[in-house]
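Asks: Sending over a structure as structure tokens; questions will come in a sec.
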Amino acid sequence: SAVISQKPSRDICQRGTSLTIQCQVDSQVTMMFWYRQQPGQSLTLIATANQGSEATYESGFVIDKFPISRPNLTFSTLTVSNMSPEDSSIYLCSVWASVLSGADTQYFGPGTRLTVL
Amino acid sequence: GENVEQHPSTLSVQEGDSAVIKCTYSDSASNYFPWYKQELGKRPQLIIDIRSNVGEKKDQRIAVTLNKTAKHFSLHITETQPEDSAVYFCAAHNAGNMLTFGGGTRLMVKP
């Protein structure tokens, strides 16, 4: 399985500011994703982080608001820009990785709990 | 795109009873169906998954069934314990390499 770490684990930010979240994986992975989980809700895919090219965003999410970097196969960042209280959520990094059987499955990082005042 | 519906949204059972959570999906091309358990304040953890070439999979007290014709799959937990209390999410994976999640089920196991 893949070991995924995220920094920061939580933050409290003022509206109008930006926060960059880092995701580090202990092995090279092809597919990395960023999800948002609003309080009491399910997981919503923000974008697929592509190594060496621009991220692929889902409907309702745009690059200006959520710029993503993926400089290599083990690291990605998500920035939440010009924050408002509606951006208060948990942001989760996720990867596809192989299990011992050789099949792939999806793992999640510990999440970053963001509160915007 | 894929749409995953999950029921019920909340489920309360007595310790020792069974719990069943059901999901339906819309994209017939979906071929992988994981289930995640999320405890309060923690990340979603994969508990069991099933691929489209099998109809049932079991791991101790947990089982998942898949009906591709009807496009639905279910999670079965037997002999529930208080530590099974959590939010459970089903998901469907399609050829686009993306997971679409159901809305979640809050399971409460009463001692």
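Letters for chains follow the order of the structure tokens (A, B, ...), residue numbers begin at 1 for each chain, and ligand numbers begin at 1 in the order shown.
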Using only C-alpha atoms, find which residues of chain A lie within 9 Å of chain B and jot them down as JSON, numbers by chain.
Replies: {"A": [31, 33, 41, 42, 43, 44, 45, 48, 92, 96, 105, 106, 107, 108, 109, 110, 111]}
Asks: Residues at most 8 Å from segment 11-20 of chain B, counting only C-alpha atoms, excluding those fewer than 5 positions away in the same chain, as an NGL selection string?
Replies: :B and (74-82 or 105-111)
Asks: Please report the interatomic distance between atom CA of Lys37 of chain B and atom CA of Asn3 of chain B in Å with one decimal.
Replies: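 Atom-to-atom, atom CA of Lys37 of chain B and atom CA of Asn3 of chain B are spaced 19.8 Å apart.
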Asks: Would you mind listing what lies within 9 Å of Gln51 of chain A as a PyMOL selection string, with only C-alpha atoms counted and same-chain residues fewer than 3 positions away left out?
Replies: chain A and resi 30-32+54-55+69-73+76
Asks: Keeping only all heavy atoms, write the selected residues as a CSV table (one decimal), in the first residue's frame.
Replies:
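Saved file part01.csv follows:
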```
chain,number,residue,atom,x,y,z
A,30,THR,N,1.2,6.9,-10.5
A,30,THR,CA,0.8,7.6,-11.8
A,30,THR,C,-0.3,8.6,-11.5
A,30,THR,O,-0.2,9.7,-12.0
A,30,THR,CB,0.4,6.5,-12.8
A,30,THR,OG1,1.4,5.6,-13.0
A,30,THR,CG2,0.1,7.2,-14.2
A,31,MET,N,-1.3,8.1,-10.8
A,31,MET,CA,-2.5,8.9,-10.6
A,31,MET,C,-2.5,9.5,-9.2
A,31,MET,O,-2.5,8.8,-8.2
A,31,MET,CB,-3.8,8.1,-10.8
A,31,MET,CG,-3.8,7.3,-12.2
A,31,MET,SD,-4.0,8.4,-13.6
A,31,MET,CE,-5.7,8.9,-13.4
A,32,MET,N,-2.7,10.9,-9.2
A,32,MET,CA,-2.9,11.6,-7.9
A,32,MET,C,-4.1,12.5,-8.1
A,32,MET,O,-4.3,13.1,-9.1
A,32,MET,CB,-1.7,12.4,-7.5
A,32,MET,CG,-0.5,11.6,-7.1
A,32,MET,SD,0.9,12.6,-6.6
A,32,MET,CE,0.4,13.1,-5.0
A,54,GLU,N,-0.8,20.3,-17.0
A,54,GLU,CA,-1.8,21.0,-16.2
A,54,GLU,C,-2.8,20.0,-15.7
A,54,GLU,O,-3.1,18.9,-16.3
A,54,GLU,CB,-2.6,22.0,-17.1
A,54,GLU,CG,-3.3,23.1,-16.4
A,54,GLU,CD,-3.7,24.2,-17.4
A,54,GLU,OE1,-2.9,25.0,-17.7
A,54,GLU,OE2,-4.9,24.1,-17.8
A,55,ALA,N,-3.3,20.3,-14.5
A,55,ALA,CA,-4.3,19.4,-13.9
A,55,ALA,C,-5.6,19.4,-14.6
A,55,ALA,O,-5.9,20.3,-15.4
A,55,ALA,CB,-4.5,19.8,-12.4
A,69,SER,N,0.0,21.8,-8.5
A,69,SER,CA,1.3,21.5,-9.1
A,69,SER,C,1.5,20.0,-8.9
A,69,SER,O,1.0,19.4,-8.0
A,69,SER,CB,2.4,22.3,-8.5
A,69,SER,OG,2.8,21.7,-7.2
A,70,ARG,N,2.3,19.4,-9.8
A,70,ARG,CA,2.7,18.0,-9.7
A,70,ARG,C,4.1,17.9,-10.4
A,70,ARG,O,4.2,17.4,-11.5
A,70,ARG,CB,1.7,17.1,-10.5
A,70,ARG,CG,2.1,15.6,-10.5
A,70,ARG,CD,1.4,14.8,-9.4
A,70,ARG,NE,2.0,13.5,-9.3
A,70,ARG,CZ,1.5,12.4,-9.9
A,70,ARG,NH1,0.5,12.5,-10.7
A,70,ARG,NH2,2.1,11.3,-9.7
A,71,PRO,N,5.1,18.3,-9.6
A,71,PRO,CA,6.4,18.3,-10.2
A,71,PRO,C,7.0,17.0,-10.5
A,71,PRO,O,7.9,16.9,-11.3
A,71,PRO,CB,7.2,19.1,-9.2
A,71,PRO,CG,6.5,18.9,-7.9
A,71,PRO,CD,5.1,18.8,-8.3
A,72,ASN,N,6.6,15.9,-9.7
A,72,ASN,CA,7.2,14.6,-9.9
A,72,ASN,C,6.1,13.6,-9.5
A,72,ASN,O,5.0,13.9,-9.2
A,72,ASN,CB,8.5,14.4,-9.1
A,72,ASN,CG,8.3,14.7,-7.7
A,72,ASN,OD1,7.4,14.2,-7.0
A,72,ASN,ND2,9.1,15.6,-7.1
A,73,LEU,N,6.5,12.3,-9.6
A,73,LEU,CA,5.6,11.2,-9.3
A,73,LEU,C,5.3,10.9,-7.9
A,73,LEU,O,4.5,10.0,-7.6
A,73,LEU,CB,6.1,9.9,-10.0
A,73,LEU,CG,6.1,10.0,-11.6
A,73,LEU,CD1,6.7,8.7,-12.1
A,73,LEU,CD2,4.7,10.2,-12.1
A,76,SER,N,2.6,16.5,-4.8
A,76,SER,CA,1.7,17.4,-5.4
A,76,SER,C,1.3,18.5,-4.4
A,76,SER,O,1.4,18.3,-3.2
A,76,SER,CB,0.4,16.7,-5.9
A,76,SER,OG,-0.5,17.6,-6.5
```
Asks: Atom CA of Asn82 of chain A and atom CA of Thr17 of chain A, how far apart in Å?
Replies: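 One can read the atom CA of Thr17 of chain A to atom CA of Asn82 of chain A distance as 5.0 Å.
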Asks: Looking at only C-alpha atoms, which of B:Asn31, B:Val4, B:Ala70, B:Glu39 is the one that sits closest to Val54 of chain B?
Replies: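 Closest to Val54 of chain B, using only C-alpha atoms: B:Asn31.
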Asks: Skipping near chain neighbours, those fewer than 5 positions away, what residues fall within 9 Å of Asp59 of chain B using only C-alpha atoms, listed as a count of residues only?
Replies: 3
Asks: What does the distance from atom CA of Asp11 of chain A to atom CA of Thr112 of chain A come to in Å, to one decimal?
Replies: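 Taking atom CA of Asp11 of chain A and atom CA of Thr112 of chain A, their separation equals 7.6 Å.
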